[in-house]
$ cat run34.csv   # CSV, C-alpha atoms
chain,number,residue,atom,x,y,z
A,1,MET,CA,2.2,-5.0,-5.0
A,2,LEU,CA,2.2,-8.7,-4.4
A,3,VAL,CA,0.0,-10.0,-7.1
A,4,LEU,CA,0.3,-13.6,-8.4
A,5,PHE,CA,-1.2,-14.4,-11.7
A,6,SER,CA,-1.9,-17.7,-13.5
A,7,ALA,CA,-4.2,-18.6,-16.3
A,8,GLY,CA,-6.7,-21.2,-17.0
A,9,LEU,CA,-7.2,-22.7,-13.5
A,10,PRO,CA,-10.6,-24.0,-12.6
A,11,ALA,CA,-12.7,-21.7,-10.5
A,12,GLY,CA,-14.7,-24.1,-8.4
A,13,ALA,CA,-17.2,-21.5,-7.8
A,14,GLY,CA,-19.8,-24.0,-6.7
A,15,SER,CA,-23.4,-23.2,-6.5
A,16,PRO,CA,-25.4,-21.0,-4.2
A,17,ALA,CA,-26.3,-22.8,-1.0
A,18,ASP,CA,-29.7,-23.3,0.5
A,19,THR,CA,-30.4,-19.8,1.7
A,20,ALA,CA,-32.6,-21.0,4.5
A,21,THR,CA,-29.5,-22.3,6.4
A,22,SER,CA,-26.7,-20.4,4.5
A,23,PRO,CA,-24.0,-18.8,6.6
A,24,GLY,CA,-24.2,-15.0,6.7
A,25,THR,CA,-28.0,-14.8,6.3
A,26,SER,CA,-28.6,-14.2,10.0
A,27,TRP,CA,-26.9,-12.3,12.8
A,28,ASP,CA,-26.2,-15.5,14.6
A,29,SER,CA,-24.6,-17.1,11.6
A,30,ILE,CA,-22.5,-14.1,10.9
A,31,LYS,CA,-20.8,-14.6,14.3
A,32,GLU,CA,-19.5,-17.9,13.1
A,33,LEU,CA,-17.9,-16.4,9.9
A,34,PRO,CA,-14.2,-15.6,9.5
A,35,ASP,CA,-13.2,-12.1,10.8
A,36,PHE,CA,-12.9,-10.0,7.6
A,37,GLY,CA,-13.3,-6.8,9.7
A,38,GLY,CA,-11.3,-3.6,9.2
A,39,TRP,CA,-9.6,-2.1,6.2
A,40,TRP,CA,-7.6,-4.1,3.7
A,41,GLY,CA,-4.8,-2.8,1.6
A,42,VAL,CA,-3.0,-4.5,-1.3
A,43,ILE,CA,0.5,-5.5,-0.3
A,44,LEU,CA,3.2,-3.3,-1.9
A,45,ASP,CA,6.4,-5.3,-1.8
A,46,VAL,CA,8.8,-2.8,-3.2
A,47,GLY,CA,11.9,-4.1,-1.5
A,48,THR,CA,15.0,-2.4,-2.7
A,49,SER,CA,14.7,-2.9,-6.4
A,50,GLY,CA,11.9,-0.4,-7.0
A,51,LYS,CA,9.9,-3.0,-8.9
A,52,PRO,CA,6.7,-4.6,-7.8
A,53,ALA,CA,7.3,-8.0,-6.3
A,54,GLY,CA,5.7,-11.3,-7.5
A,55,LYS,CA,5.5,-13.0,-10.8
A,56,ARG,CA,3.2,-11.3,-13.3
A,57,PRO,CA,2.9,-13.3,-16.4
A,58,SER,CA,0.9,-11.7,-19.1
A,59,PRO,CA,-2.8,-12.4,-19.1
A,60,PRO,CA,-4.1,-14.5,-22.0
A,61,LEU,CA,-5.0,-11.5,-24.2
A,62,LYS,CA,-6.5,-11.9,-27.6
A,63,PRO,CA,-3.9,-10.9,-30.3
A,64,GLU,CA,-5.8,-7.8,-31.4
A,65,VAL,CA,-6.3,-6.7,-27.8
A,66,LEU,CA,-2.6,-7.1,-27.1
A,67,ALA,CA,-1.7,-5.2,-30.3
A,68,ARG,CA,-3.9,-2.3,-29.3
A,69,ARG,CA,-2.5,-2.2,-25.8
A,70,GLN,CA,1.0,-2.2,-27.0
A,71,GLN,CA,0.2,0.6,-29.3
A,72,ILE,CA,-1.3,2.6,-26.5
A,73,ARG,CA,1.7,1.9,-24.2
A,74,ALA,CA,4.1,3.0,-27.0
A,75,ARG,CA,2.3,6.3,-27.4
A,76,ILE,CA,2.1,6.9,-23.7
A,77,GLY,CA,5.8,6.1,-23.4
A,78,ALA,CA,6.4,8.7,-26.2
A,79,GLY,CA,4.7,11.3,-24.0
A,80,VAL,CA,1.4,11.5,-25.9
A,81,ASP,CA,-1.5,12.8,-23.7
A,82,PRO,CA,-3.7,9.8,-22.7
A,83,THR,CA,-6.8,11.9,-23.3
A,84,GLU,CA,-5.7,12.3,-26.9
A,85,ILE,CA,-4.8,8.6,-27.3
A,86,LEU,CA,-8.1,7.4,-25.9
A,87,GLY,CA,-10.2,10.3,-27.2
A,88,LYS,CA,-11.6,11.1,-23.8
A,89,ARG,CA,-11.8,14.3,-21.9
A,90,PRO,CA,-9.8,14.3,-18.6
A,91,VAL,CA,-13.0,14.4,-16.6
A,92,VAL,CA,-13.7,10.8,-17.8
A,93,PHE,CA,-10.7,9.7,-15.8
A,94,CYS,CA,-12.1,11.3,-12.7
A,95,GLY,CA,-15.3,9.2,-12.9
A,96,PRO,CA,-16.4,6.9,-10.1
A,97,ARG,CA,-14.6,3.7,-9.4
A,98,VAL,CA,-15.7,0.7,-11.4
A,99,PHE,CA,-15.3,-3.0,-10.5
A,100,THR,CA,-13.1,-4.8,-13.1
A,101,GLY,CA,-12.1,-7.8,-11.1
A,102,SER,CA,-10.5,-6.3,-8.0
A,103,ASN,CA,-11.8,-4.3,-5.1
A,104,GLY,CA,-8.9,-2.1,-4.7
A,105,SER,CA,-6.4,-1.3,-7.5
A,106,PHE,CA,-3.0,0.2,-6.8
A,107,ASP,CA,-4.0,2.4,-4.0
A,108,ASP,CA,-7.6,1.7,-2.8
A,109,ASP,CA,-8.2,0.2,0.6
A,110,PHE,CA,-11.5,-1.6,1.1
A,111,GLU,CA,-13.6,-3.1,3.8
A,112,PHE,CA,-16.2,-5.8,4.2
A,113,LEU,CA,-19.5,-5.2,5.9
A,114,PHE,CA,-21.5,-8.3,7.0
A,115,THR,CA,-25.3,-7.9,7.5
A,116,PRO,CA,-27.8,-10.7,7.3
A,117,GLY,CA,-28.2,-11.9,3.8
A,118,ARG,CA,-25.7,-9.5,2.3
A,119,VAL,CA,-22.0,-8.7,2.1
A,120,THR,CA,-21.1,-5.1,1.2
A,121,ILE,CA,-17.6,-4.2,0.0
A,122,THR,CA,-16.7,-0.6,0.0
A,123,SER,CA,-13.4,0.9,-1.4
A,124,GLU,CA,-11.9,4.0,0.0
A,125,LEU,CA,-12.4,5.9,-3.2
A,126,GLY,CA,-16.1,5.2,-3.3
A,127,LEU,CA,-16.9,1.9,-5.0
A,128,ILE,CA,-19.7,0.1,-3.2
A,129,ARG,CA,-20.5,-3.5,-4.0
A,130,ARG,CA,-23.7,-5.0,-2.6
A,131,ILE,CA,-23.6,-8.8,-2.7
A,132,PRO,CA,-26.7,-10.7,-1.8
A,133,LEU,CA,-26.2,-14.0,-0.1
A,134,ASP,CA,-29.8,-15.1,-0.6
A,135,GLY,CA,-32.5,-14.4,-3.1
A,136,PRO,CA,-32.6,-15.5,-6.7
A,137,PRO,CA,-29.5,-16.6,-8.6
A,138,LEU,CA,-27.7,-14.4,-11.0
A,139,PRO,CA,-29.7,-13.7,-14.2
A,140,ALA,CA,-28.1,-14.8,-17.5
A,141,GLN,CA,-27.5,-11.1,-18.3
A,142,ALA,CA,-27.5,-7.9,-16.3
A,143,PRO,CA,-27.3,-4.3,-17.2
A,144,GLU,CA,-23.8,-2.9,-17.0
A,145,THR,CA,-23.1,-0.9,-13.8
A,146,ASN,CA,-20.1,0.4,-11.9
A,147,ALA,CA,-20.2,-2.4,-9.4
A,148,GLY,CA,-21.7,-5.1,-11.6
A,149,THR,CA,-24.4,-7.5,-10.4
A,150,SER,CA,-23.2,-10.0,-7.8
A,151,ARG,CA,-24.3,-13.0,-5.8
A,152,GLY,CA,-22.3,-14.6,-3.0
A,153,HIS,CA,-22.2,-17.6,-0.8
A,154,TRP,CA,-19.9,-19.2,1.7
A,155,GLU,CA,-18.1,-22.4,1.0
A,156,GLY,CA,-16.7,-23.3,4.4
A,157,ARG,CA,-14.4,-20.4,5.4
A,158,THR,CA,-14.3,-19.0,1.8
A,159,LEU,CA,-16.6,-16.3,0.6
A,160,VAL,CA,-17.4,-16.9,-3.1
A,161,ILE,CA,-18.7,-14.0,-5.2
A,162,GLU,CA,-19.8,-14.2,-8.8
A,163,THR,CA,-20.3,-10.9,-10.7
A,164,ILE,CA,-21.6,-10.1,-14.2
A,165,GLY,CA,-22.9,-6.8,-15.7
A,166,ILE,CA,-19.4,-5.2,-15.5
A,167,ARG,CA,-19.0,-2.0,-17.5
A,168,HIS,CA,-17.2,-2.6,-20.7
A,169,ASP,CA,-16.4,1.1,-21.3
A,170,TYR,CA,-14.0,1.6,-18.4
A,171,PRO,CA,-11.7,4.4,-19.6
A,172,TYR,CA,-8.5,2.6,-18.7
A,173,PRO,CA,-7.8,0.1,-21.4
A,174,GLU,CA,-5.5,-2.1,-19.3
A,175,GLN,CA,-8.4,-2.9,-17.0
A,176,SER,CA,-11.3,-3.0,-19.4
A,177,LEU,CA,-12.8,-6.5,-19.6
A,178,GLY,CA,-15.0,-5.9,-22.6
A,179,ARG,CA,-18.6,-7.1,-22.8
A,180,ASN,CA,-20.1,-10.1,-21.1
A,181,ALA,CA,-17.3,-10.5,-18.6
A,182,ARG,CA,-17.8,-12.7,-15.5
A,183,VAL,CA,-15.6,-12.6,-12.4
A,184,VAL,CA,-15.7,-15.3,-9.7
A,185,GLU,CA,-13.8,-14.4,-6.5
A,186,ARG,CA,-12.8,-16.8,-3.8
A,187,ILE,CA,-12.0,-14.8,-0.7
A,188,SER,CA,-10.3,-16.3,2.4
A,189,LEU,CA,-8.0,-15.5,5.2
A,190,LYS,CA,-4.5,-17.0,4.8
A,191,ALA,CA,-3.4,-15.7,8.2
A,192,ARG,CA,-5.0,-13.5,10.8
A,193,ASP,CA,-4.3,-10.3,9.0
A,194,LEU,CA,-3.6,-11.7,5.5
A,195,LEU,CA,-6.5,-11.9,3.0
A,196,GLN,CA,-6.3,-13.8,-0.3
A,197,ILE,CA,-8.6,-13.2,-3.2
A,198,VAL,CA,-8.4,-15.6,-6.1
A,199,ALA,CA,-10.3,-14.1,-9.0
A,200,ARG,CA,-11.2,-16.1,-12.1
A,201,ILE,CA,-12.1,-13.7,-14.9
A,202,THR,CA,-13.9,-14.8,-18.0
A,203,ALA,CA,-13.8,-12.0,-20.6
A,204,PRO,CA,-14.5,-13.2,-24.2
A,205,ASP,CA,-13.7,-9.9,-25.7
A,206,VAL,CA,-10.3,-9.7,-24.1
A,207,TYR,CA,-9.0,-13.1,-23.1
A,208,ILE,CA,-8.6,-16.2,-25.1
A,209,ARG,CA,-9.2,-18.3,-22.0
A,210,PRO,CA,-10.2,-17.6,-18.4
A,211,PHE,CA,-7.6,-15.7,-16.4
A,212,VAL,CA,-7.0,-16.4,-12.7
A,213,SER,CA,-5.2,-14.0,-10.5
A,214,THR,CA,-4.3,-14.3,-6.8
A,215,THR,CA,-3.9,-11.1,-4.8
A,216,LEU,CA,-2.9,-10.7,-1.2
A,217,TYR,CA,-4.0,-7.9,1.1
A,218,ARG,CA,-2.9,-6.9,4.5
A,219,ARG,CA,-5.3,-5.9,7.3
A,220,GLU,CA,-4.4,-2.3,8.2
A,221,ARG,CA,-5.6,-2.1,11.8
A,222,ALA,CA,-4.3,1.5,12.2
A,223,HIS,CA,-5.8,2.7,9.0
A,224,VAL,CA,-8.0,5.7,9.3
A,225,LEU,CA,-10.4,6.3,6.4
A,226,GLU,CA,-9.8,9.4,4.5
A,227,GLU,CA,-12.9,9.7,2.3
A,228,ARG,CA,-12.0,11.7,-0.7
A,229,ASP,CA,-12.5,11.9,-4.4
A,230,PHE,CA,-9.8,10.6,-6.7
A,231,CYS,CA,-9.7,13.9,-8.6
A,232,GLY,CA,-9.7,17.0,-6.5
A,233,GLU,CA,-11.4,20.2,-7.6
A,234,HIS,CA,-8.0,21.7,-8.3
A,235,ASP,CA,-5.9,19.3,-10.3
A,236,ARG,CA,-2.5,21.0,-10.8
A,237,SER,CA,-1.5,18.5,-13.5
A,238,VAL,CA,-4.4,18.8,-15.9
A,239,ASP,CA,-6.1,22.0,-17.1
A,240,ASP,CA,-9.8,21.5,-16.8
A,241,ALA,CA,-10.5,24.2,-19.4
A,242,THR,CA,-8.3,22.8,-22.2
A,243,GLY,CA,-7.8,19.2,-21.1
A,244,HIS,CA,-4.1,19.5,-21.6
A,245,GLU,CA,-1.4,18.6,-19.2
A,246,ARG,CA,0.3,21.3,-17.2
A,247,PHE,CA,2.2,21.9,-14.1
A,248,ASP,CA,0.4,24.6,-12.2
A,249,MET,CA,2.8,26.4,-9.9
A,250,THR,CA,0.3,29.0,-8.6
A,251,PRO,CA,1.3,29.1,-4.9
A,252,PRO,CA,-1.5,28.2,-2.4
A,253,ARG,CA,-3.2,31.2,-0.9
A,254,ASP,CA,-2.3,30.2,2.6
A,255,LEU,CA,1.4,29.6,1.8
A,256,PRO,CA,3.4,30.7,4.8
A,257,PRO,CA,6.2,33.2,4.3
A,258,PRO,CA,9.8,32.1,3.8
A,259,PRO,CA,12.0,31.3,6.9
A,260,ARG,CA,13.6,34.4,8.5
B,261,MET,CA,22.6,22.7,-1.6
B,262,ASN,CA,22.7,23.0,-5.3
B,263,PRO,CA,20.7,20.6,-7.5
B,264,ARG,CA,23.0,17.9,-8.7
B,265,GLU,CA,23.0,15.1,-11.1
B,266,VAL,CA,23.3,11.5,-9.8
B,267,GLY,CA,25.3,8.7,-11.4
B,268,TRP,CA,24.2,7.5,-14.8
B,269,LYS,CA,23.8,3.9,-13.7
B,270,ARG,CA,21.3,5.1,-11.1
B,271,ILE,CA,19.4,7.1,-13.7
B,272,VAL,CA,19.2,4.2,-16.1
B,273,ARG,CA,18.0,1.9,-13.4
B,274,ARG,CA,15.3,4.4,-12.5
B,275,LYS,CA,14.2,4.8,-16.1
B,276,LEU,CA,13.8,1.1,-16.5
B,277,ALA,CA,12.0,0.7,-13.2
B,278,GLY,CA,9.9,3.8,-14.0
B,279,LEU,CA,8.8,2.2,-17.3
B,280,VAL,CA,7.7,-0.9,-15.6
B,281,LEU,CA,5.7,1.1,-13.0
B,282,LEU,CA,4.2,3.4,-15.6
B,283,LEU,CA,2.9,0.5,-17.6
B,284,THR,CA,1.6,-1.1,-14.4
B,285,ALA,CA,-0.1,2.2,-13.5
B,286,ILE,CA,-1.8,2.7,-16.8
B,287,GLY,CA,-4.7,0.7,-15.6
B,288,THR,CA,-4.9,2.6,-12.4
B,289,ALA,CA,-6.1,6.0,-11.4
B,290,GLN,CA,-2.5,7.3,-11.2
B,291,ALA,CA,-2.1,7.4,-14.9
B,292,HIS,CA,-4.4,10.3,-15.7
B,293,HIS,CA,-1.5,12.1,-17.3
B,294,THR,CA,1.8,11.0,-18.9
B,295,TYR,CA,4.5,12.8,-16.8
B,296,ALA,CA,5.9,14.1,-20.1
B,297,MET,CA,6.4,17.4,-18.4
B,298,PHE,CA,9.2,15.9,-16.2
B,299,ASP,CA,12.6,14.8,-17.4
B,300,GLY,CA,12.8,11.2,-16.1
B,301,SER,CA,16.4,10.9,-17.3
B,302,LYS,CA,17.5,13.4,-14.7
B,303,SER,CA,17.5,13.3,-10.9
B,304,LEU,CA,18.2,16.4,-8.9
B,305,THR,CA,18.4,17.1,-5.2
B,306,VAL,CA,17.5,20.2,-3.2
B,307,HIS,CA,17.6,20.9,0.5
B,308,GLY,CA,15.3,23.4,2.1
B,309,THR,CA,12.3,24.1,4.4
B,310,ILE,CA,8.9,22.6,3.8
B,311,ALA,CA,6.5,25.5,3.0
B,312,LYS,CA,3.3,23.5,2.7
B,313,VAL,CA,2.0,20.1,1.8
B,314,GLU,CA,-1.2,19.9,-0.2
B,315,TRP,CA,-2.5,16.6,0.9
B,316,SER,CA,-5.1,15.9,-1.8
B,317,ASN,CA,-5.8,13.9,-4.9
B,318,PRO,CA,-5.0,13.3,-7.6
B,319,HIS,CA,-1.5,14.3,-6.5
B,320,VAL,CA,0.0,15.4,-3.2
B,321,PHE,CA,2.0,18.6,-3.8
B,322,VAL,CA,4.9,19.6,-1.7
B,323,TRP,CA,6.1,23.2,-1.6
B,324,MET,CA,9.6,24.0,-0.4
B,325,TYR,CA,11.6,27.1,0.2
B,326,VAL,CA,15.2,26.7,-0.9
B,327,LEU,CA,18.0,29.3,-0.3
B,328,SER,CA,18.5,31.1,-3.5
B,329,GLN,CA,21.8,30.8,-5.3
B,330,ALA,CA,21.3,33.9,-7.3
B,331,THR,CA,20.1,36.2,-4.5
B,332,PRO,CA,21.9,35.3,-1.2
B,333,GLY,CA,19.6,35.6,1.8
B,334,LYS,CA,16.5,35.1,-0.3
B,335,TYR,CA,14.5,32.0,-0.9
B,336,ASP,CA,13.2,30.3,-4.1
B,337,LEU,CA,9.9,28.5,-4.0
B,338,TYR,CA,10.0,24.9,-5.4
B,339,ALA,CA,6.9,22.8,-6.2
B,340,PHE,CA,6.9,19.0,-6.3
B,341,GLU,CA,4.2,16.7,-7.6
B,342,SER,CA,4.0,13.3,-6.0
B,343,GLY,CA,1.6,10.4,-5.9
B,344,SER,CA,-2.0,10.1,-4.8
B,345,VAL,CA,-3.0,10.2,-1.1
B,346,GLY,CA,-3.7,6.5,-1.3
B,347,GLU,CA,-0.3,5.6,-2.8
B,348,LEU,CA,1.6,7.7,-0.4
B,349,THR,CA,-0.3,6.4,2.5
B,350,HIS,CA,0.6,2.8,1.6
B,351,LEU,CA,4.2,3.9,1.4
B,352,GLY,CA,4.3,5.2,4.9
B,353,TRP,CA,3.3,8.8,4.4
B,354,SER,CA,0.6,10.7,6.3
B,355,SER,CA,-0.8,14.2,6.0
B,356,THR,CA,1.6,15.2,8.7
B,357,ALA,CA,4.7,13.3,7.6
B,358,LEU,CA,6.1,16.5,6.3
B,359,LYS,CA,5.0,19.8,7.8
B,360,ALA,CA,5.6,23.5,7.2
B,361,GLY,CA,8.9,24.4,8.8
B,362,ASP,CA,10.4,20.9,8.6
B,363,LYS,CA,13.8,20.7,7.0
B,364,ALA,CA,14.0,18.1,4.2
B,365,THR,CA,16.0,17.0,1.3
B,366,ILE,CA,14.0,16.2,-1.8
B,367,GLU,CA,15.1,14.2,-4.8
B,368,TYR,CA,13.1,14.8,-7.9
B,369,HIS,CA,12.8,14.6,-11.7
B,370,PRO,CA,12.9,18.2,-12.9
B,371,LEU,CA,10.4,20.0,-15.0
B,372,ARG,CA,11.5,20.1,-18.6
B,373,ASP,CA,10.6,23.7,-18.9
B,374,GLY,CA,13.2,24.8,-16.3
B,375,ARG,CA,10.9,26.0,-13.7
B,376,ARG,CA,11.8,25.2,-10.1
B,377,GLY,CA,10.2,21.9,-9.3
B,378,GLY,CA,9.4,18.5,-10.6
B,379,HIS,CA,8.2,15.0,-9.7
B,380,LEU,CA,9.2,14.0,-6.2
B,381,THR,CA,10.9,10.6,-5.8
B,382,THR,CA,12.2,10.8,-2.2
B,383,ALA,CA,11.9,13.2,0.7
B,384,THR,CA,14.5,12.7,3.5
B,385,THR,CA,14.1,14.4,6.9
B,386,PRO,CA,17.0,15.3,9.1
B,387,ASP,CA,16.4,12.3,11.3
B,388,GLY,CA,17.0,10.1,8.4
B,389,ARG,CA,13.4,9.2,7.6
B,390,VAL,CA,12.9,8.6,3.9
B,391,LEU,CA,9.6,9.1,2.3
B,392,ARG,CA,9.3,7.7,-1.2
B,393,CYS,CA,6.9,8.0,-4.2
B,394,LEU,CA,6.6,5.2,-6.7
B,395,SER,CA,4.6,6.8,-9.5
B,396,GLY,CA,6.0,9.3,-11.9
B,397,PRO,CA,8.5,9.2,-14.7
B,398,GLY,CA,11.0,7.4,-12.7
B,399,ALA,CA,11.0,5.2,-9.7
B,400,PRO,CA,13.0,5.3,-6.6
B,401,PRO,CA,15.4,2.4,-6.1
B,402,GLY,CA,13.6,1.4,-2.9
B,403,SER,CA,10.7,2.3,-0.8
B,404,ALA,CA,9.5,2.2,2.7
B,405,PRO,CA,7.6,-1.0,3.6
B,406,PRO,CA,3.9,-0.8,3.6
B,407,LYS,CA,2.3,0.1,6.9
$ encode --input "run34.csv" --output "structure tokens"
Amino acid sequence: MLVLFSAGLPAGAGSPADTATSPGTSWDSIKELPDFGGWWGVILDVGTSGKPAGKRPSPPLKPEVLARRQQIRARIGAGVDPTEILGKRPVVFCGPRVFTGSNGSFDDDFEFLFTPGRVTITSELGLIRRIPLDGPPLPAQAPETNAGTSRGHWEGRTLVIETIGIRHDYPYPEQSLGRNARVVERISLKARDLLQIVARITAPDVYIRPFVSTTLYRRERAHVLEERDFCGEHDRSVDDATGHERFDMTPPRDLPPPPR
Amino acid sequence: MNPREVGWKRIVRRKLAGLVLLLTAIGTAQAHHTYAMFDGSKSLTVHGTIAKVEWSNPHVFVWMYVLSQATPGKYDLYAFESGSVGELTHLGWSSTALKAGDKATIEYHPLRDGRRGGHLTTATTPDGRVLRCLSGPGAPPGSAPPK
């Protein structure tokens, strides 16, 4: 995954433009926008080392947050069941996708849909972000939802999206941004099939200062959407009844016979 | 082909890489269990015939028939957990990358309880195509480029 991080850079989010003439608010103006069409996948640059490529300096975590995450990592490294560590039932980890600063995480492809006055971003595993390009500005506060509350506008060839109302209780501690987080994304094409998203994340519960990440995505022209839930109905690795890990070796009913 | 250990240097490298990847994956959907059931310090290899691929989340499962060492002429059934559909797709897999009847060599971290199976790290087809999985208790030393 080619993910470049830096901290404390200015966002330059700018202010919403005059909606009467704003790009993206009419079919004609959409024709003039950059081509964001198709599915985008985060770039996995695994090379030959087996390690994710790119520099990944630590985000500017508050000391108490860092300590808690280190404790969680240590317990997971020791083989403790995450459901026990986090005090959550396995089903919690099968909940819908939540926006915590990126459209796709390790494995989600996503797409942009342009309609007059709105950009919609959908991820392959079901997160749908609806981003008005017109209408009233963001409120000072918004109720927490899976996608958050967003407003967008175009600055030249860059789509700028500001999001608040991000869920603080996302079950994965490494991605939780706490309460009152704010994400400003600047999305642009760096090449015909290369998309860059610079995200400036302000998270007063988690970071000591704003955190800026730059992530690159490749347009996957041959990608065919396989719409599916993250957790299947039959998870062979977790027992739904007990919540404990397992390795279920019950053969599939339609398993063919051995070779003759 | 009997399961076999690989060199210790390779194992250490995989454990270190696997730790990095595990910590990376904690924030992602892949980390919905710990992989404690697999022995990440061991890497075994078996050769056999693909019986079935369960192409579904949260883990693609690969079933394989392997000629039994204990009972000549018979087959043992092995089960391998791997990554999510999304992860494997990014690594060059598809739902038909391995099909029932295909011959393949699978490298994996074995189950600690001794049953036949584990967490897949690579699947190699007779024509030399290598399909890799990055999640799990260890990580392969390399991987196919993203599609």
$ closest_residue --input "run34.csv" --among "B:Gly352, B:Gly396, B:Gly346, B:Pro370" --to "chain A" --atoms "only C-alpha atoms"
B:Gly346
$ residues_around --input "run34.csv" --residues "Arg69 (chain A)" --least-positions-apart "3" --cutoff "8 Å" --atoms "only C-alpha atoms" --output "JSON, numbers by chain"
{"A": [65, 66, 72, 73, 173, 174]}
$ residues_around --input "run34.csv" --residues "region 246-259 of chain A" --least-positions-apart "5" --cutoff "10 Å" --atoms "all atoms listed in the file" --output "PyMOL selection string"
(chain A and resi 234-239) or (chain B and resi 293+295-298+308-314+321+323-327+334-341+360-361+371+373+375-378)
$ atom_distance --input "run34.csv" --atom1 "CA of Asp109 (chain A)" --atom2 "CA of Arg129 (chain A)"
13.6 Å
$ atom_distance --input "run34.csv" --atom1 "CA of Val206 (chain A)" --atom2 "CA of Arg68 (chain A)"
11.1 Å
$ closest_residue --input "run34.csv" --among "B:Thr385, B:Ser301, B:Thr331, B:Ser344" --to "chain A" --atoms "all atoms listed in the file"
B:Ser344
$ closest_residue --input "run34.csv" --among "B:Lys302, B:His379, B:Arg389, B:His307" --to "chain A" --atoms "all atoms listed in the file"
B:His379
$ residues_around --input "run34.csv" --residues "Thr382 (chain B)" --least-positions-apart "6" --cutoff "7 Å" --atoms "only C-alpha atoms" --output "list in words"
Ile366, Glu367, Val390, Leu391, Arg392 and Cys393 of chain B
$ residues_near_point --input "run34.csv" --point "(-3.0, -16.4, -5.6)" --cutoff "6 Å" --atoms "all atoms listed in the file" --output "VMD selection string"
chain A and resid 4 198 213 to 215
$ atom_distance --input "run34.csv" --atom1 "CA of Ser328 (chain B)" --atom2 "CA of Thr356 (chain B)"
26.2 Å
$ residues_around --input "run34.csv" --residues "Ser188 (chain A)" --least-positions-apart "3" --cutoff "12 Å" --atoms "all atoms listed in the file" --output "list in words"
Leu33, Pro34, Asp35, Phe36, Trp154, Glu155, Gly156, Arg157, Thr158, Leu159, Val160, Ile161, Glu185, Ala191, Arg192, Asp193, Leu194, Leu195, Gln196, Ile197, Val198, Ala199, Thr214, Thr215, Leu216 and Tyr217 of chain A
$ residues_around --input "run34.csv" --residues "Ala181 (chain A)" --least-positions-apart "3" --cutoff "7 Å" --atoms "all atoms listed in the file" --output "ChimeraX atom specification"
/A:164,166,177-178,202-204
$ write_last_selection --input "run34.csv" --atoms "C-alpha atoms" --output "mmCIF file, in the coordinates of the input"
data_model
loop_
_atom_site.group_PDB
_atom_site.id
_atom_site.type_symbol
_atom_site.label_atom_id
_atom_site.label_comp_id
_atom_site.auth_asym_id
_atom_site.auth_seq_id
_atom_site.Cartn_x
_atom_site.Cartn_y
_atom_site.Cartn_z
ATOM 1 C CA ILE A 164 -21.600 -10.100 -14.200
ATOM 2 C CA ILE A 166 -19.400 -5.200 -15.500
ATOM 3 C CA LEU A 177 -12.800 -6.500 -19.600
ATOM 4 C CA GLY A 178 -15.000 -5.900 -22.600
ATOM 5 C CA THR A 202 -13.900 -14.800 -18.000
ATOM 6 C CA ALA A 203 -13.800 -12.000 -20.600
ATOM 7 C CA PRO A 204 -14.500 -13.200 -24.200
#
